[in-house]
Every structure is written in structure tokens, then in C-alpha cells.
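A quick write-up on the structure given underneath.
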Amino acid sequence: MATAAPPVPADQPAPPPAPASRRVLRHSLLVRLTHWTNALAIFFLLMTGLNIFGAHPRLYWGHAGSVDQVERQWLQMGASGSAARLRGWVDVGDRRFDTTGLLGASESPKGAPSIVAFPHWATLPAMRDLATARTWHFFFAWVLILNGLMWLGYGLVSGRIGREILPSLAQLRPAHLWHDIVEHAKLNFPKGEAALSYEVLQRLAYAGVALVLIPVVILTGMAMSPGLNAAFPFLDALWGGRQSARSVHFIAMAAIAGFMALHLALVLLSGPVRQIGAMITGRMTIGGGK
């Protein structure tokens, strides 16, 4: 038999009402435009870059690299076996990893086994076409550069970089960092007024990509250009050689791709309609439990 709940004392204060929801401006028009332009440019740069890499799927350290310079090589993708039973592999240093179906050997658009560094669905163009891939890659590299300069100029003039991108000294305290790590691990995302600013892990990630990785990709890309090397020899020397620049370019690209995958996953987990909507319209609803 159920028992009745104890009566609430008459002098007990009522719980405070939930704050009313309101729409606030979260992202300015220029921030939104540069965000989506940047996403588009990086998407095309990644896919065309993978096509270009497939023309010589090896990475070296130093000034020169070829199939004969094994001592300088640290990464290689390839395949072995018969046409009917291709085995894809990736060599990192002295270790070989079986990557059949993804790296080294995968199905062509027609369903036949093919020897290719990256699968056709991950490259632009889908088939091996170095000339077209390079043309698109250079075009979107300029889009990335010009868009990045616009974002950087606006961020410096408006103070947004210092206010929202770079972490404060208080946020970098070990206790604060650990708290943010735990909150992300629990998928406890900021709500209310706290959602109107980035926490320390977000700031470190955004600053790392926008202020470190993207400039590194641009500078290493410039160092791989023979014409720019002739005009600005320091670009080559900055990385210890053209092949070292290519290796750093690849590593930075992989880091950016990893950031994008994690960024999309967190957007989906934290409420995609609200987050993507704010980056499209610029406004976000807070209060009322949000």
C-alpha cells in the first residue's frame, strides 16, 4: 500500500523559477562566413591532397627523396599480392600494418581491386588525376589563405582572438584544465550564459588549428613549390629540406582532419540543431534550461 508524501512546510521557500529563455547573438556575420568558407576550403584541400599524395605515396626527411633513399623514408603505402587478392599495407619506420580495403589497396568505383594510397571515395577527383587535383588544390589553398587573413584581421581588430580564442591564464591552471577534461569526458557541455564563451579545451583546439596548424600547412606548401623556393630560399631551409616540408605538411593535414572529425562528433553530441543553427543564423537560445 503506497504511503502519501509528507506535507511541505508552509514556511519552506518555493524553488526559484527557471530563467526565461532568450535569443542572443553568438557569432557575427563575418565569423560565420569565414567559418563556412574555411570548412569548404579544408574539405577540398584534404581530398585533393590525398589524390596528390597517391602519385608518390612515400614520405621522407631531408632535401631529396626517391624509392632508392630508404634511409630517409619514414612512411610508405602500397600493396602486394595478385590482382584478385591484393593486400594493402602501410610501413611506418620498420613496422608494417595491414590496411587492406582502406590504405594501399581498395575497391575502385567499379568495384574492382586497385592499388591506390587512399580509397577513391576519399579523394578528388575520385580517380588518379594529378593535374586536376593540383589545380583544385592550389585554388583552394588561396581561398584558405585569403579567408584566414580576413578572419585573423577581424579577430585582432575586434579583440575576438584574445577574448574568445586564446585561453586565459586562469583557464590554464591545472585544476581548471582537469575539470574541463572531466566535463568533456562526461559529455557535460556548458549551458546558459556559459555557452556564450569557449572553455579551455575548445580554445586550445581552435587556437592550435587556426594559429598553428593552418599556418604550418600554408608555409610547408609554399616550401614545396620550386618557384617559391627560388624566390624565397628560406622557406625550404625553414623545414630542413623540401621532403621534410612535405612530411610536416602531411602530419599537419592529418592533425587538421582529426580535429574536424572530433569537432563534428562533439557538435552532434552537444546538440547539432542548436550548434549548427547558431553558426548559420548567428543567434543562440539560452535560458529555460538550455
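Ordering of the C-alpha cells sets the chain letters (A, B, ...), residue numbers begin anew at 1 in every chain, and ligands are numbered from 1 in the order given.
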
Next item on the list: Would you list, as a PyMOL selection string, the residues of segment 179-209 of chain A that end up in alpha helix (DSSP H) under DSSP run on this structure's backbone?
Entry: chain A and resi 179-185+200-208

Next item on the list: Just the residues within 12 Å of Leu166 of chain A, please, counting only C-alpha atoms, with nothing from its chain fewer than 4 positions along; format it as number ranges by chain.
Entry: A: 155-156, 159-162, 170-172, 197-211

Could you dump the residues just selected with N, CA, C and O atoms as a short mmCIF file (atom, residue, chain, number, x, y, z; two decimals), in the first residue's frame?
```cif
data_model
loop_
_atom_site.label_atom_id
_atom_site.label_comp_id
_atom_site.auth_asym_id
_atom_site.auth_seq_id
_atom_site.Cartn_x
_atom_site.Cartn_y
_atom_site.Cartn_z
N GLY A 155 39.71 39.24 -36.13
CA GLY A 155 39.91 38.80 -34.75
C GLY A 155 40.82 39.70 -33.96
O GLY A 155 40.61 39.94 -32.77
N LEU A 156 41.84 40.25 -34.64
CA LEU A 156 42.76 41.16 -33.95
C LEU A 156 42.13 42.53 -33.71
O LEU A 156 42.26 43.10 -32.62
N GLY A 159 39.29 42.20 -31.19
CA GLY A 159 39.69 41.62 -29.90
C GLY A 159 39.17 40.22 -29.69
O GLY A 159 39.34 39.65 -28.61
N ARG A 160 38.51 39.63 -30.70
CA ARG A 160 37.90 38.32 -30.53
C ARG A 160 38.94 37.23 -30.26
O ARG A 160 38.67 36.29 -29.50
N ILE A 161 40.11 37.33 -30.86
CA ILE A 161 41.13 36.29 -30.65
C ILE A 161 41.55 36.25 -29.19
O ILE A 161 41.61 35.17 -28.58
N GLY A 162 41.81 37.39 -28.61
CA GLY A 162 42.17 37.42 -27.19
C GLY A 162 41.01 37.11 -26.27
O GLY A 162 41.18 36.52 -25.20
N ALA A 170 44.02 32.01 -16.07
CA ALA A 170 43.19 31.29 -15.08
C ALA A 170 42.69 29.97 -15.67
O ALA A 170 42.62 28.95 -14.97
N GLN A 171 42.33 29.96 -16.96
CA GLN A 171 41.85 28.74 -17.58
C GLN A 171 42.95 27.70 -17.74
O GLN A 171 42.66 26.50 -17.84
N LEU A 172 44.20 28.14 -17.78
CA LEU A 172 45.32 27.22 -17.96
C LEU A 172 45.80 26.60 -16.66
O LEU A 172 46.74 25.79 -16.67
N SER A 197 30.61 31.41 -24.31
CA SER A 197 32.06 31.54 -24.43
C SER A 197 32.66 30.14 -24.46
O SER A 197 32.06 29.18 -23.96
N TYR A 198 33.84 30.02 -25.03
CA TYR A 198 34.51 28.74 -25.15
C TYR A 198 35.28 28.42 -23.88
O TYR A 198 35.89 29.30 -23.27
N GLU A 199 35.29 27.13 -23.53
CA GLU A 199 36.08 26.69 -22.41
C GLU A 199 37.51 26.41 -22.88
O GLU A 199 37.83 26.51 -24.06
N VAL A 200 38.38 26.03 -21.94
CA VAL A 200 39.81 25.98 -22.22
C VAL A 200 40.16 24.95 -23.29
O VAL A 200 41.01 25.22 -24.16
N LEU A 201 39.55 23.75 -23.28
CA LEU A 201 39.89 22.75 -24.29
C LEU A 201 39.49 23.21 -25.69
O LEU A 201 40.22 23.00 -26.66
N GLN A 202 38.33 23.85 -25.79
CA GLN A 202 37.91 24.39 -27.08
C GLN A 202 38.88 25.46 -27.55
O GLN A 202 39.26 25.49 -28.72
N ARG A 203 39.28 26.34 -26.66
CA ARG A 203 40.18 27.43 -27.02
C ARG A 203 41.54 26.89 -27.47
O ARG A 203 42.11 27.37 -28.46
N LEU A 204 42.04 25.91 -26.75
CA LEU A 204 43.32 25.32 -27.14
C LEU A 204 43.23 24.66 -28.50
O LEU A 204 44.15 24.76 -29.32
N ALA A 205 42.12 23.96 -28.76
CA ALA A 205 41.94 23.29 -30.04
C ALA A 205 41.82 24.30 -31.17
O ALA A 205 42.48 24.18 -32.22
N TYR A 206 40.96 25.32 -30.99
CA TYR A 206 40.76 26.33 -32.04
C TYR A 206 42.03 27.13 -32.30
O TYR A 206 42.40 27.40 -33.45
N ALA A 207 42.72 27.52 -31.22
CA ALA A 207 43.96 28.27 -31.39
C ALA A 207 45.03 27.41 -32.05
O ALA A 207 45.79 27.89 -32.90
N GLY A 208 45.09 26.14 -31.68
CA GLY A 208 46.07 25.24 -32.27
C GLY A 208 45.87 25.07 -33.76
O GLY A 208 46.83 25.06 -34.54
N VAL A 209 44.60 24.95 -34.18
CA VAL A 209 44.32 24.77 -35.61
C VAL A 209 44.50 26.08 -36.37
O VAL A 209 45.20 26.13 -37.39
N ALA A 210 43.86 27.15 -35.89
CA ALA A 210 43.85 28.42 -36.63
C ALA A 210 45.19 29.15 -36.61
O ALA A 210 45.58 29.76 -37.61
N LEU A 211 45.90 29.06 -35.49
CA LEU A 211 47.12 29.85 -35.33
C LEU A 211 48.40 29.05 -35.47
O LEU A 211 49.49 29.63 -35.55
#
```

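Across the structure, atom CA of Ile280 of chain A and atom CA of His27 of chain A are spaced 8.8 Å apart.
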
Notebook entry, point to check: Closest to Ala126 of chain A among A:Leu50, A:Leu269, A:Ala230, A:Ala194, using only C-alpha atoms?
Noted result: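 Using only C-alpha atoms, the shortest distance to Ala126 of chain A belongs to A:Leu50.
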
Quick one: residues within 12 Å of Gly241 of chain A, only C-alpha atoms counted, chain neighbours fewer than 5 positions away excluded, as a compact mmCIF listing (two decimals) with N, CA and C atoms, in the first residue's frame?
```
# COMPACT_ATOMS: atom_id res chain seq x y z
N TYR A 60 59.59 11.33 -46.66
CA TYR A 60 61.00 11.30 -46.29
C TYR A 60 61.33 12.49 -45.40
N TRP A 61 62.52 12.45 -44.81
CA TRP A 61 63.10 13.60 -44.13
C TRP A 61 64.31 14.05 -44.93
N GLY A 62 64.52 15.35 -45.00
CA GLY A 62 65.68 15.87 -45.70
C GLY A 62 65.30 16.64 -46.95
N HIS A 63 66.26 16.79 -47.84
CA HIS A 63 66.06 17.61 -49.04
C HIS A 63 65.50 16.81 -50.20
N ALA A 64 65.91 15.55 -50.34
CA ALA A 64 65.51 14.77 -51.51
C ALA A 64 64.92 13.45 -51.08
N GLY A 65 64.12 12.87 -51.97
CA GLY A 65 63.51 11.58 -51.68
C GLY A 65 63.22 10.82 -52.94
N ARG A 72 66.10 7.67 -45.74
CA ARG A 72 65.39 8.92 -45.47
C ARG A 72 63.88 8.71 -45.34
N THR A 220 54.53 25.12 -45.32
CA THR A 220 55.13 23.91 -45.89
C THR A 220 54.70 23.72 -47.34
N ALA A 223 56.88 25.88 -49.29
CA ALA A 223 58.24 25.35 -49.36
C ALA A 223 58.37 24.24 -50.39
N MET A 224 57.27 23.59 -50.77
CA MET A 224 57.32 22.52 -51.77
C MET A 224 57.25 23.06 -53.19
N SER A 225 57.04 24.35 -53.36
CA SER A 225 56.95 24.95 -54.69
C SER A 225 58.34 25.34 -55.19
N PRO A 226 58.80 24.78 -56.32
CA PRO A 226 60.12 25.15 -56.85
C PRO A 226 60.24 26.64 -57.14
N ASN A 229 60.64 28.43 -53.89
CA ASN A 229 61.96 28.13 -53.34
C ASN A 229 63.03 29.00 -53.96
N PRO A 233 64.46 31.31 -50.66
CA PRO A 233 65.18 30.09 -50.26
C PRO A 233 64.97 29.70 -48.80
N PHE A 234 64.65 30.67 -47.96
CA PHE A 234 64.49 30.36 -46.53
C PHE A 234 63.31 29.43 -46.27
N LEU A 235 62.33 29.40 -47.20
CA LEU A 235 61.17 28.54 -46.99
C LEU A 235 61.57 27.08 -46.94
N ASP A 236 62.47 26.70 -47.84
CA ASP A 236 62.98 25.33 -47.86
C ASP A 236 63.80 25.05 -46.62
N ARG A 246 57.35 18.39 -46.93
CA ARG A 246 56.23 17.52 -47.37
C ARG A 246 55.75 16.63 -46.23
N SER A 247 56.69 16.12 -45.44
CA SER A 247 56.31 15.28 -44.29
C SER A 247 55.53 16.08 -43.26
N VAL A 248 56.04 17.27 -42.92
CA VAL A 248 55.35 18.11 -41.94
C VAL A 248 53.98 18.52 -42.49
```
